[in-house]
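The data block below is work_29.pdb; it holds PDB, C-alpha atoms.
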ATOM      1  CA  MET A   1     -24.376 107.051 115.476
ATOM      2  CA  GLY A   2     -23.133 109.629 113.022
ATOM      3  CA  LYS A   3     -25.620 111.381 110.805
ATOM      4  CA  ARG A   4     -26.131 113.412 107.703
ATOM      5  CA  ILE A   5     -24.603 116.867 108.121
ATOM      6  CA  PHE A   6     -21.531 117.389 105.945
ATOM      7  CA  VAL A   7     -19.486 120.478 105.233
ATOM      8  CA  ALA A   8     -18.058 120.957 101.749
ATOM      9  CA  GLY A   9     -18.618 117.249 101.207
ATOM     10  CA  LEU A  10     -15.519 116.457 103.239
ATOM     11  CA  LEU A  11     -16.003 116.563 106.987
ATOM     12  CA  VAL A  12     -17.003 113.611 109.114
ATOM     13  CA  ALA A  13     -20.727 113.873 109.769
ATOM     14  CA  ALA A  14     -22.278 115.446 112.823
ATOM     15  CA  VAL A  15     -22.783 113.094 115.715
ATOM     16  CA  CYS A  16     -26.314 112.177 116.592
ATOM     17  CA  ALA A  17     -26.089 110.182 119.791
ATOM     18  CA  VAL A  18     -27.887 106.861 119.921
ATOM     19  CA  SER A  19     -27.487 104.367 122.733
ATOM     20  CA  LEU A  20     -27.098 100.982 121.085
ATOM     21  CA  SER A  21     -26.966  97.571 122.664
ATOM     22  CA  GLY A  22     -23.489  96.120 122.873
ATOM     23  CA  CYS A  23     -21.915  99.349 124.133
ATOM     24  CA  LYS A  24     -19.939  98.174 127.100
ATOM     25  CA  GLN A  25     -19.911 100.184 130.320
ATOM     26  CA  ASN A  26     -16.876 100.098 132.586
ATOM     27  CA  MET A  27     -19.011 100.227 135.720
ATOM     28  CA  PRO A  28     -22.733  99.559 135.160
ATOM     29  CA  VAL A  29     -24.678 102.032 137.294
ATOM     30  CA  SER A  30     -28.294 102.256 136.163
ATOM     31  CA  GLN A  31     -30.717  99.349 135.947
ATOM     32  CA  LEU A  32     -30.555  99.565 132.153
ATOM     33  CA  GLU A  33     -26.752  99.401 132.165
ATOM     34  CA  LYS A  34     -26.859  96.376 134.439
ATOM     35  CA  PHE A  35     -29.401  94.720 132.141
ATOM     36  CA  ILE A  36     -27.207  95.392 129.092
ATOM     37  CA  ALA A  37     -24.135  94.111 130.928
ATOM     38  CA  GLY A  38     -25.997  90.887 131.649
ATOM     39  CA  THR A  39     -26.467  90.296 127.905
ATOM     40  CA  ASP A  40     -22.988  91.369 126.750
ATOM     41  CA  ASP A  41     -21.756  87.819 126.232
ATOM     42  CA  LEU A  42     -24.724  86.854 124.025
ATOM     43  CA  GLN A  43     -24.844  87.255 120.283
ATOM     44  CA  GLY A  44     -27.111  86.479 117.366
ATOM     45  CA  GLN A  45     -29.989  84.112 117.977
ATOM     46  CA  ALA A  46     -29.007  83.502 121.587
ATOM     47  CA  LEU A  47     -29.292  87.203 122.360
ATOM     48  CA  ASP A  48     -32.565  87.516 120.451
ATOM     49  CA  ASP A  49     -34.089  84.519 122.244
ATOM     50  CA  THR A  50     -32.990  85.795 125.648
ATOM     51  CA  LEU A  51     -34.441  89.255 125.079
ATOM     52  CA  ARG A  52     -37.733  87.811 123.875
ATOM     53  CA  THR A  53     -38.104  85.820 127.083
ATOM     54  CA  TYR A  54     -38.291  89.141 128.928
ATOM     55  CA  LEU A  55     -41.027  90.626 126.713
ATOM     56  CA  GLY A  56     -43.827  89.049 128.731
ATOM     57  CA  ARG A  57     -42.426  90.126 132.065
ATOM     58  CA  GLY A  58     -43.277  93.300 133.880
ATOM     59  CA  ALA A  59     -41.347  96.539 133.995
ATOM     60  CA  PRO A  60     -38.531  97.281 133.857
ATOM     61  CA  TYR A  61     -37.399  94.085 132.121
ATOM     62  CA  ALA A  62     -39.937  94.202 129.298
ATOM     63  CA  VAL A  63     -39.051  97.861 128.754
ATOM     64  CA  TYR A  64     -35.354  97.083 128.434
ATOM     65  CA  ALA A  65     -35.908  94.022 126.241
ATOM     66  CA  ASN A  66     -38.080  95.949 123.786
ATOM     67  CA  TYR A  67     -35.526  98.744 123.776
ATOM     68  CA  LEU A  68     -32.586  96.456 123.007
ATOM     69  CA  LEU A  69     -34.494  94.562 120.329
ATOM     70  CA  GLY A  70     -35.392  97.889 118.752
ATOM     71  CA  ASN A  71     -31.777  98.993 118.893
ATOM     72  CA  ASN A  72     -30.609  95.771 117.277
ATOM     73  CA  PHE A  73     -32.960  96.363 114.341
ATOM     74  CA  TYR A  74     -31.869 100.010 114.223
ATOM     75  CA  ALA A  75     -28.197  99.016 114.089
ATOM     76  CA  ALA A  76     -28.974  96.549 111.290
ATOM     77  CA  ALA A  77     -30.872  99.274 109.414
ATOM     78  CA  THR A  78     -27.891 101.601 109.760
ATOM     79  CA  ASP A  79     -25.550  98.946 108.382
ATOM     80  CA  SER A  80     -27.921  98.357 105.476
ATOM     81  CA  ALA A  81     -28.223 102.095 104.806
ATOM     82  CA  GLN A  82     -24.451 102.480 104.675
ATOM     83  CA  ALA A  83     -24.364  99.892 101.913
ATOM     84  CA  SER A  84     -27.430 100.893  99.902
ATOM     85  CA  GLY A  85     -28.945 104.038 101.415
ATOM     86  CA  TRP A  86     -31.862 104.722 103.735
ATOM     87  CA  ASP A  87     -34.291 104.333 100.828
ATOM     88  CA  SER A  88     -33.504 100.670 100.265
ATOM     89  CA  PRO A  89     -36.369  98.260 101.030
ATOM     90  CA  ALA A  90     -34.144  96.364 103.468
ATOM     91  CA  ALA A  91     -33.268  99.462 105.513
ATOM     92  CA  ASP A  92     -36.886 100.612 105.485
ATOM     93  CA  ALA A  93     -38.166  97.252 106.748
ATOM     94  CA  LEU A  94     -35.553  97.164 109.493
ATOM     95  CA  LEU A  95     -36.509 100.685 110.566
ATOM     96  CA  ASP A  96     -40.138  99.546 110.771
ATOM     97  CA  SER A  97     -39.113  96.761 113.151
ATOM     98  CA  ALA A  98     -36.908  99.110 115.165
ATOM     99  CA  ALA A  99     -39.740 101.602 115.546
ATOM    100  CA  PHE A 100     -42.139  98.836 116.637
ATOM    101  CA  TYR A 101     -39.977  97.702 119.554
ATOM    102  CA  LEU A 102     -38.794 101.164 120.592
ATOM    103  CA  GLU A 103     -42.391 102.404 120.635
ATOM    104  CA  ARG A 104     -43.334  99.437 122.805
ATOM    105  CA  SER A 105     -40.576 100.346 125.256
ATOM    106  CA  VAL A 106     -41.895 103.882 125.774
ATOM    107  CA  ALA A 107     -45.496 102.686 125.792
ATOM    108  CA  LEU A 108     -44.577 100.526 128.796
ATOM    109  CA  ASP A 109     -42.725 103.415 130.444
ATOM    110  CA  SER A 110     -43.429 106.948 129.188
ATOM    111  CA  THR A 111     -40.467 108.266 131.219
ATOM    112  CA  PHE A 112     -37.931 105.960 129.540
ATOM    113  CA  VAL A 113     -35.565 108.620 128.211
ATOM    114  CA  GLU A 114     -33.277 106.303 126.226
ATOM    115  CA  GLY A 115     -36.195 104.975 124.201
ATOM    116  CA  LEU A 116     -37.518 108.486 123.527
ATOM    117  CA  VAL A 117     -34.109 109.714 122.343
ATOM    118  CA  ASN A 118     -33.633 106.757 120.015
ATOM    119  CA  LEU A 119     -37.112 107.144 118.556
ATOM    120  CA  GLY A 120     -36.252 110.770 117.855
ATOM    121  CA  SER A 121     -33.079 109.674 116.095
ATOM    122  CA  LEU A 122     -34.949 107.021 114.115
ATOM    123  CA  TRP A 123     -37.511 109.496 112.777
ATOM    124  CA  ASP A 124     -34.705 111.949 112.151
ATOM    125  CA  ASP A 125     -33.117 109.313 109.903
ATOM    126  CA  ARG A 126     -36.437 108.577 108.233
ATOM    127  CA  SER A 127     -36.803 112.246 107.317
ATOM    128  CA  GLY A 128     -33.816 111.745 105.018
ATOM    129  CA  GLN A 129     -35.603 109.109 102.940
ATOM    130  CA  MET A 130     -36.867 109.969  99.476
ATOM    131  CA  THR A 131     -40.441 111.088 100.000
ATOM    132  CA  SER A 132     -42.555 114.218  99.664
ATOM    133  CA  ARG A 133     -41.451 117.421 101.375
ATOM    134  CA  GLN A 134     -44.614 117.289 103.470
ATOM    135  CA  GLU A 135     -43.774 113.777 104.682
ATOM    136  CA  GLN A 136     -40.180 114.787 105.424
ATOM    137  CA  ASP A 137     -41.425 117.726 107.494
ATOM    138  CA  GLN A 138     -43.831 115.461 109.359
ATOM    139  CA  ARG A 139     -41.028 113.031 110.172
ATOM    140  CA  MET A 140     -38.771 115.831 111.412
ATOM    141  CA  ALA A 141     -41.624 117.119 113.545
ATOM    142  CA  ARG A 142     -42.066 113.639 114.970
ATOM    143  CA  ALA A 143     -38.354 113.425 115.765
ATOM    144  CA  GLU A 144     -38.490 116.831 117.468
ATOM    145  CA  ALA A 145     -41.499 115.743 119.518
ATOM    146  CA  TYR A 146     -39.650 112.682 120.838
ATOM    147  CA  TYR A 147     -36.610 114.785 121.746
ATOM    148  CA  ASP A 148     -38.884 117.268 123.511
ATOM    149  CA  GLN A 149     -40.509 114.435 125.482
ATOM    150  CA  ALA A 150     -37.091 113.192 126.545
ATOM    151  CA  ILE A 151     -36.131 116.680 127.700
ATOM    152  CA  GLU A 152     -39.366 116.970 129.678
ATOM    153  CA  VAL A 153     -38.380 113.825 131.557
ATOM    154  CA  ASP A 154     -34.706 114.792 131.917
ATOM    155  CA  PRO A 155     -34.149 118.541 131.340
ATOM    156  CA  PHE A 156     -30.360 118.156 131.220
ATOM    157  CA  ASN A 157     -30.196 115.125 128.924
ATOM    158  CA  GLU A 158     -27.113 115.657 126.775
ATOM    159  CA  LYS A 159     -28.137 113.342 123.943
ATOM    160  CA  ALA A 160     -31.649 114.753 123.572
ATOM    161  CA  HIS A 161     -30.440 118.358 123.476
ATOM    162  CA  CYS A 162     -27.550 117.650 121.081
ATOM    163  CA  ASN A 163     -29.734 115.577 118.764
ATOM    164  CA  LEU A 164     -32.382 118.301 118.762
ATOM    165  CA  GLY A 165     -29.694 120.873 118.004
ATOM    166  CA  ALA A 166     -28.412 118.758 115.111
ATOM    167  CA  LEU A 167     -31.971 118.523 113.769
ATOM    168  CA  PHE A 168     -32.350 122.306 113.992
ATOM    169  CA  LEU A 169     -29.037 122.717 112.190
ATOM    170  CA  ARG A 170     -30.256 120.550 109.323
ATOM    171  CA  GLN A 171     -33.344 122.752 109.147
ATOM    172  CA  ARG A 172     -31.105 125.853 109.014
ATOM    173  CA  LYS A 173     -32.457 127.035 112.372
ATOM    174  CA  THR A 174     -29.020 128.186 113.459
ATOM    175  CA  GLN A 175     -30.027 130.194 116.524
ATOM    176  CA  GLU A 176     -32.146 127.346 117.897
ATOM    177  CA  ALA A 177     -29.303 124.893 117.296
ATOM    178  CA  LEU A 178     -26.837 127.164 119.068
ATOM    179  CA  GLU A 179     -29.149 127.417 122.077
ATOM    180  CA  GLU A 180     -29.340 123.619 122.368
ATOM    181  CA  PHE A 181     -25.569 123.083 122.166
ATOM    182  CA  GLN A 182     -24.756 126.029 124.412
ATOM    183  CA  GLY A 183     -27.348 124.913 126.944
ATOM    184  CA  VAL A 184     -25.592 121.568 127.263
ATOM    185  CA  LEU A 185     -22.222 123.293 127.705
ATOM    186  CA  ASP A 186     -23.640 125.644 130.331
ATOM    187  CA  HIS A 187     -24.568 122.563 132.339
ATOM    188  CA  ASP A 188     -21.462 120.524 131.431
ATOM    189  CA  PRO A 189     -18.556 122.415 129.837
ATOM    190  CA  HIS A 190     -16.823 119.069 129.210
ATOM    191  CA  SER A 191     -19.513 117.675 126.893
ATOM    192  CA  ALA A 192     -17.564 116.336 123.906
ATOM    193  CA  LEU A 193     -20.839 115.760 122.062
ATOM    194  CA  ALA A 194     -21.910 119.401 122.359
ATOM    195  CA  HIS A 195     -18.466 120.723 121.413
ATOM    196  CA  TYR A 196     -18.429 118.428 118.370
ATOM    197  CA  ASN A 197     -21.813 119.539 117.098
ATOM    198  CA  LEU A 198     -21.040 123.185 117.805
ATOM    199  CA  ALA A 199     -17.934 122.750 115.644
ATOM    200  CA  ILE A 200     -20.111 121.407 112.834
ATOM    201  CA  MET A 201     -22.242 124.546 113.076
ATOM    202  CA  PHE A 202     -19.183 126.801 112.812
ATOM    203  CA  ALA A 203     -17.744 124.762 109.953
ATOM    204  CA  GLU A 204     -21.004 124.989 107.997
ATOM    205  CA  ALA A 205     -20.740 128.772 108.352
ATOM    206  CA  LYS A 206     -17.089 128.543 107.197
ATOM    207  CA  ILE A 207     -15.907 129.904 110.552
ATOM    208  CA  TYR A 208     -13.094 127.390 110.507
ATOM    209  CA  ARG A 209     -10.963 128.798 113.321
ATOM    210  CA  GLU A 210     -13.815 128.455 115.829
ATOM    211  CA  ALA A 211     -14.734 125.041 114.429
ATOM    212  CA  LYS A 212     -11.162 123.858 114.926
ATOM    213  CA  ARG A 213     -11.162 125.135 118.516
ATOM    214  CA  GLU A 214     -14.407 123.294 119.318
ATOM    215  CA  TRP A 215     -13.128 120.036 117.778
ATOM    216  CA  GLU A 216      -9.960 120.359 119.801
ATOM    217  CA  LEU A 217     -12.104 120.570 122.951
ATOM    218  CA  ALA A 218     -14.212 117.612 121.814
ATOM    219  CA  ALA A 219     -11.057 115.545 121.271
ATOM    220  CA  LYS A 220      -9.727 116.641 124.663
ATOM    221  CA  TYR A 221     -12.858 115.511 126.483
ATOM    222  CA  ASP A 222     -13.271 112.255 124.525
ATOM    223  CA  PRO A 223      -9.661 111.279 123.787
ATOM    224  CA  ASP A 224     -10.270 107.568 123.228
ATOM    225  CA  GLY A 225     -13.803 107.564 121.856
ATOM    226  CA  ASP A 226     -15.573 107.921 118.532
ATOM    227  CA  ILE A 227     -16.152 111.642 119.006
ATOM    228  CA  GLY A 228     -12.451 112.183 119.617
ATOM    229  CA  ASP A 229     -11.559 110.213 116.475
ATOM    230  CA  ARG A 230     -14.043 112.175 114.353
ATOM    231  CA  SER A 231     -12.823 115.454 115.830
ATOM    232  CA  ARG A 232      -9.176 114.754 115.033
ATOM    233  CA  ALA A 233     -10.110 113.789 111.458
ATOM    234  CA  ASN A 234     -12.064 117.023 111.006
ATOM    235  CA  ILE A 235      -9.297 119.137 112.555
ATOM    236  CA  LYS A 236      -6.940 117.878 109.851
ATOM    237  CA  ILE A 237      -9.469 118.630 107.107
ATOM    238  CA  VAL A 238     -10.159 122.122 108.441
ATOM    239  CA  HIS A 239      -6.429 122.772 108.806
ATOM    240  CA  ASP A 240      -5.979 121.873 105.136
ATOM    241  CA  LEU A 241      -8.920 124.105 104.135
ATOM    242  CA  MET A 242      -7.537 127.043 106.115
ATOM    243  CA  ASN A 243      -4.101 126.652 104.523
ATOM    244  CA  ALA A 244      -5.211 125.941 100.961
ATOM    245  CA  PRO A 245      -3.874 128.404  98.369
ATOM    246  CA  VAL A 246      -6.386 130.948  97.095
ATOM    247  CA  PRO A 247      -7.354 130.262  93.447
ATOM    248  CA  ASP A 248      -6.115 132.894  91.018
ATOM    249  CA  ASN A 249      -9.646 133.861  89.965
ATOM    250  CA  LEU A 250     -10.506 134.733  93.586
ATOM    251  CA  LYS A 251      -7.446 136.867  94.273
ATOM    252  CA  GLN A 252      -7.955 140.625  94.431
TER     253      GLN A 252
END
Write the structure described by the file as structure tokens, please.
Amino acid sequence: MGKRIFVAGLLVAAVCAVSLSGCKQNMPVSQLEKFIAGTDDLQGQALDDTLRTYLGRGAPYAVYANYLLGNNFYAAATDSAQASGWDSPAADALLDSAAFYLERSVALDSTFVEGLVNLGSLWDDRSGQMTSRQEQDQRMARAEAYYDQAIEVDPFNEKAHCNLGALFLRQRKTQEALEEFQGVLDHDPHSALAHYNLAIMFAEAKIYREAKREWELAAKYDPDGDIGDRSRANIKIVHDLMNAPVPDNLKQ
């Protein structure tokens, strides 16, 4: 799910990774992936009814069902926000429902990394709602805490580190953001997500040549995915910015 950070009002937003139901896996590996694959052919009420039948069962099925229900509400909230903003009553109510189910998933299993990461992303989104500065700070702190919990469970979790770095970047904590992105790349130099977000950091600082290089790497390592598409779009924008004529009033 893309989020919030824009450069010069033009670039495609920084990627904040959220695992949403309906994302198909070529070869399901984990128990969660197998559970999702088993619901891929269901939609609407049929999917909702099926997931709710698992809520009363033990782990891991109740964990996964709560997680997917939460993600469905989160996806609906995102769609609503794109139409009318995160402050709309509809988006806010959907986020409430998403938080309820995602919190239930991690309450059932405190080591469930996917639920922790998505709760971090949810509170990250909620920090962008119109409210007091104190409340915004509290929501960002809550998002950071969920990302930190995910990292405690899985120290090399790409999504948790990149999302935390994106949060730091929004807070203008550039050094902390750099450490998160670079830490991912130290572990996996082919992380398209880390290269993409590192490019955003460079672009915000108007270091366009480095930003372009990082987006080129992101596109290389995710040629057919959303990150690759966003990277290629931003490369074109940055290319145009780098080659734009200098206004007369700025010439020496």
- Task: Name the residues that the PyMOL selection byres ((chain A and resi 168) around 12) picks from the file above, as a VMD selection string, using the file's chain letters and numbers.
- Result: chain A and resid 5 124 140 to 141 143 to 144 147 161 to 167 169 to 181 197 to 198 201
- Task: Do a neighbour search on Pro89 in chain A at 12 Å with all atoms listed in the file, toss out local chain neighbours closer than 5 positions, and write the hits as a ChimeraX atom specification.
- Result: /A:77,80-81,84,94-96,129-130
Evaluate the PyMOL selection byres ((chain A and resi 120) around 8) and report residues as a PDB file with C-alpha atoms, in the coordinates of the input:
ATOM      1  CA  LEU A 116     -37.518 108.486 123.527  1.00  0.00           C
ATOM      2  CA  VAL A 117     -34.109 109.714 122.343  1.00  0.00           C
ATOM      3  CA  ASN A 118     -33.633 106.757 120.015  1.00  0.00           C
ATOM      4  CA  LEU A 119     -37.112 107.144 118.556  1.00  0.00           C
ATOM      5  CA  SER A 121     -33.079 109.674 116.095  1.00  0.00           C
ATOM      6  CA  LEU A 122     -34.949 107.021 114.115  1.00  0.00           C
ATOM      7  CA  TRP A 123     -37.511 109.496 112.777  1.00  0.00           C
ATOM      8  CA  ASP A 124     -34.705 111.949 112.151  1.00  0.00           C
ATOM      9  CA  ARG A 142     -42.066 113.639 114.970  1.00  0.00           C
ATOM     10  CA  ALA A 143     -38.354 113.425 115.765  1.00  0.00           C
ATOM     11  CA  GLU A 144     -38.490 116.831 117.468  1.00  0.00           C
ATOM     12  CA  ALA A 145     -41.499 115.743 119.518  1.00  0.00           C
ATOM     13  CA  TYR A 146     -39.650 112.682 120.838  1.00  0.00           C
ATOM     14  CA  TYR A 147     -36.610 114.785 121.746  1.00  0.00           C
TER      15      TYR A 147
END
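When the distance limit is 6 Å and only C-alpha atoms are what count, the residues near range 204-216 of chain A, minus those fewer than 5 positions from it on the same chain, are A:Val7, A:His195, A:Tyr196, A:Ala199, A:Ser231, A:Ile235.
When CA of Leu217 in chain A is paired with CA of His190 in chain A, their separation reads 8.0 Å.
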- Message: Selection in question (the file shown): the PyMOL selection byres ((chain A and resi 64) around 10). Which residues does it include, as a PyMOL selection string?
- Response: chain A and resi 31-33+35-36+51+54-55+59-63+65-70+102+105-106+108-109+112+114-115
Would you give the centre and edge lengths, in Å to one decimal, of a box along x, y and z around the listed atoms of range 50-69 of chain A, with 3 Å added to each side, as lines of an AutoDock Vina configuration file?
center_x = -38.2
center_y = 92.3
center_z = 127.2
size_x = 17.2
size_y = 18.9
size_z = 19.7
- Take the point (-30.0, 96.7, 107.5) in the file's coordinates, draw a sphere of radius 12 Å around it, and report as a ChimeraX atom specification every protein, DNA or RNA residue with an atom inside or on it, counting all atoms listed in the file. /A:71-98
- With all atoms listed in the file counted, which protein, DNA or RNA residues have an atom no more than 10 Å from (-13.0, 115.1, 129.3) in the file frame? Please answer as a list of chain:residue names. A:Pro189, A:His190, A:Ser191, A:Ala192, A:Leu217, A:Ala218, A:Ala219, A:Lys220, A:Tyr221, A:Asp222, A:Pro223
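Between CA of Val238 in chain A and CA of Ala203 in chain A the separation is 8.2 Å.
The closest residue to Asp188 in chain A, picked from A:Asn157, A:Thr39, A:Gln136, A:Thr111 and counting only C-alpha atoms, is A:Asn157.
Going from CA of Arg104 in chain A over to CA of Gln134 in chain A, you cover 26.3 Å.
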